[in-house]
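Here the structure is laid out as structure tokens; the discussion comes afterwards.
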Amino acid sequence: MKKVIKSVIALAMAAVMVMALAACSGSAKDKMKGDWIYETIAGDSVADYAAKLGVDESAFASVWTFTDDKVIIKSVAATEEHNVQYKSNGAEVMEVGSTDKIQMSVKLENDKLSFKLKGTDGKEYDYVMKKGTIEVGSSTAVEE
């Protein structure tokens with residue numbers, strides 16, 4: 001009986017240690033906070049994707065700034081502020097002005113953010129972002 005109790009206590013302590021290590025590894029929120037820029041759109045570099053569409057790369061100049069509870073998206077066309085709900089592997093970005101209506105899910109993996117958006121043609125496009133910033137209205141990226 002003592003052996004069983006010792007085994008149960010040892011397993012419980014091991015489980016607590018695993019959970020503590022997982023908690024110390026840093027949350028998605030901590031890893032996502034800061035500025036992000038597009039790395040690829042639909043599998044192409046931003047320059048190549050823009051060239052396919054026959055537009056200047058600066059048309060895709062956009063900086064997403066994640067804070068404790070929001071993401072601020074700055075582009076040449078507009079600045080939008082969205083509420084964010086962080087998850088263990090990314091975040092849910094809410095529609096403008098909403099705290100519970102999800103516009104998109106953003107996944108954090110290998111220090112990259114990824115999400116899918118439906119284009120005006122009805123197709124879904126994959127976007128991948130990397131840490132960094134860009135001068136909105138410019139095509140010159142500044143790596144972090």
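Every chain in the structure tokens takes a letter, A first, then B, and so on in the order presented; its residues are numbered from 1, and the ligands are numbered from 1 following the presented order.
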Give me the residues near range 104-113 of chain A as a CSV table (one decimal) with N, CA and C atoms, in the first residue's frame, where near means some atom within 10 Å (using only C-alpha atoms) and where sequence neighbours in that chain fewer than 3 positions away do not count.
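Result went into around-v1.csv, see below:
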```csv
chain,number,residue,atom,x,y,z
A,28,ALA,N,1.7,32.5,-26.0
A,28,ALA,CA,1.5,33.0,-27.3
A,28,ALA,C,1.4,34.6,-27.3
A,29,LYS,N,0.7,35.1,-26.3
A,29,LYS,CA,0.6,36.5,-26.1
A,29,LYS,C,1.9,37.2,-26.0
A,31,LYS,N,4.8,36.1,-27.0
A,31,LYS,CA,5.6,35.9,-28.2
A,31,LYS,C,5.0,36.7,-29.4
A,32,MET,N,3.7,37.0,-29.3
A,32,MET,CA,3.1,37.7,-30.4
A,32,MET,C,3.2,39.2,-30.3
A,36,TRP,N,4.6,43.1,-36.7
A,36,TRP,CA,4.6,42.0,-37.6
A,36,TRP,C,4.4,42.5,-39.0
A,37,ILE,N,5.1,41.9,-40.0
A,37,ILE,CA,4.9,42.3,-41.4
A,37,ILE,C,4.7,41.0,-42.3
A,38,TYR,N,4.1,41.2,-43.4
A,38,TYR,CA,3.9,40.0,-44.3
A,38,TYR,C,5.2,39.5,-44.8
A,39,GLU,N,5.4,38.2,-44.8
A,39,GLU,CA,6.5,37.5,-45.4
A,39,GLU,C,6.1,36.9,-46.7
A,84,VAL,N,-8.4,41.3,-29.4
A,84,VAL,CA,-7.8,40.0,-29.6
A,84,VAL,C,-8.0,39.1,-28.4
A,85,GLN,N,-8.3,37.8,-28.6
A,85,GLN,CA,-8.3,36.8,-27.6
A,85,GLN,C,-7.2,35.9,-27.8
A,86,TYR,N,-6.2,35.8,-27.0
A,86,TYR,CA,-5.0,35.0,-27.2
A,86,TYR,C,-5.4,33.5,-26.8
A,87,LYS,N,-4.8,32.6,-27.6
A,87,LYS,CA,-5.0,31.2,-27.3
A,87,LYS,C,-3.6,30.6,-27.1
A,88,SER,N,-3.5,29.3,-26.8
A,88,SER,CA,-2.2,28.7,-26.5
A,88,SER,C,-1.3,28.7,-27.8
A,89,ASN,N,-1.9,28.7,-29.0
A,89,ASN,CA,-1.1,28.6,-30.2
A,89,ASN,C,-1.3,29.7,-31.1
A,90,GLY,N,-1.8,30.9,-30.6
A,90,GLY,CA,-2.1,32.0,-31.5
A,90,GLY,C,-3.1,32.9,-30.9
A,91,ALA,N,-4.0,33.4,-31.7
A,91,ALA,CA,-5.0,34.4,-31.3
A,91,ALA,C,-6.2,34.4,-32.2
A,92,GLU,N,-7.3,34.8,-31.6
A,92,GLU,CA,-8.5,35.1,-32.4
A,92,GLU,C,-8.6,36.6,-32.6
A,93,VAL,N,-8.7,37.1,-33.8
A,93,VAL,CA,-8.9,38.5,-34.1
A,93,VAL,C,-10.3,38.8,-34.3
A,94,MET,N,-10.9,39.7,-33.5
A,94,MET,CA,-12.3,40.0,-33.6
A,94,MET,C,-12.6,41.0,-34.7
A,95,GLU,N,-13.8,41.1,-35.1
A,95,GLU,CA,-14.2,42.1,-36.1
A,95,GLU,C,-14.1,43.5,-35.4
A,101,LYS,N,-17.1,38.5,-31.9
A,101,LYS,CA,-17.3,38.0,-33.2
A,101,LYS,C,-16.0,37.9,-33.9
A,116,LYS,N,-5.6,32.6,-42.9
A,116,LYS,CA,-6.2,32.5,-44.2
A,116,LYS,C,-7.3,33.6,-44.3
A,117,LEU,N,-7.3,34.2,-45.5
A,117,LEU,CA,-8.4,35.1,-45.8
A,117,LEU,C,-9.0,34.8,-47.1
A,127,TYR,N,-1.6,33.7,-45.6
A,127,TYR,CA,-0.7,34.8,-45.3
A,127,TYR,C,0.3,34.3,-44.2
A,128,VAL,N,1.6,34.6,-44.3
A,128,VAL,CA,2.5,34.3,-43.3
A,128,VAL,C,3.2,35.6,-43.0
A,129,MET,N,3.4,35.9,-41.7
A,129,MET,CA,4.0,37.1,-41.2
A,129,MET,C,5.2,36.8,-40.3
A,130,LYS,N,6.1,37.7,-40.3
A,130,LYS,CA,7.4,37.6,-39.5
A,130,LYS,C,7.5,38.9,-38.7
A,131,LYS,N,8.2,38.8,-37.6
A,131,LYS,CA,8.5,39.9,-36.7
A,131,LYS,C,9.2,41.0,-37.5
```
What are the closest atom pairs, with distances in Å to one decimal, for each residue of range 68-89 of chain A lying within 9 Å of range 46-60 of chain A, using only C-alpha atoms, rows by chain and rising residue number, as a tab-separated table?
```
residue	atom	partner	partner_atom	distance
A:Ser75	CA	A:Phe60	CA	7.7
A:Val76	CA	A:Ala59	CA	7.4
A:Ala77	CA	A:Ala59	CA	8.9
```
Alpha helix (DSSP H) residues, from DSSP on the backbone, in range 3-124 of chain A, as an MDAnalysis selection string
chainID A and resid 3:24 28:32 46:53
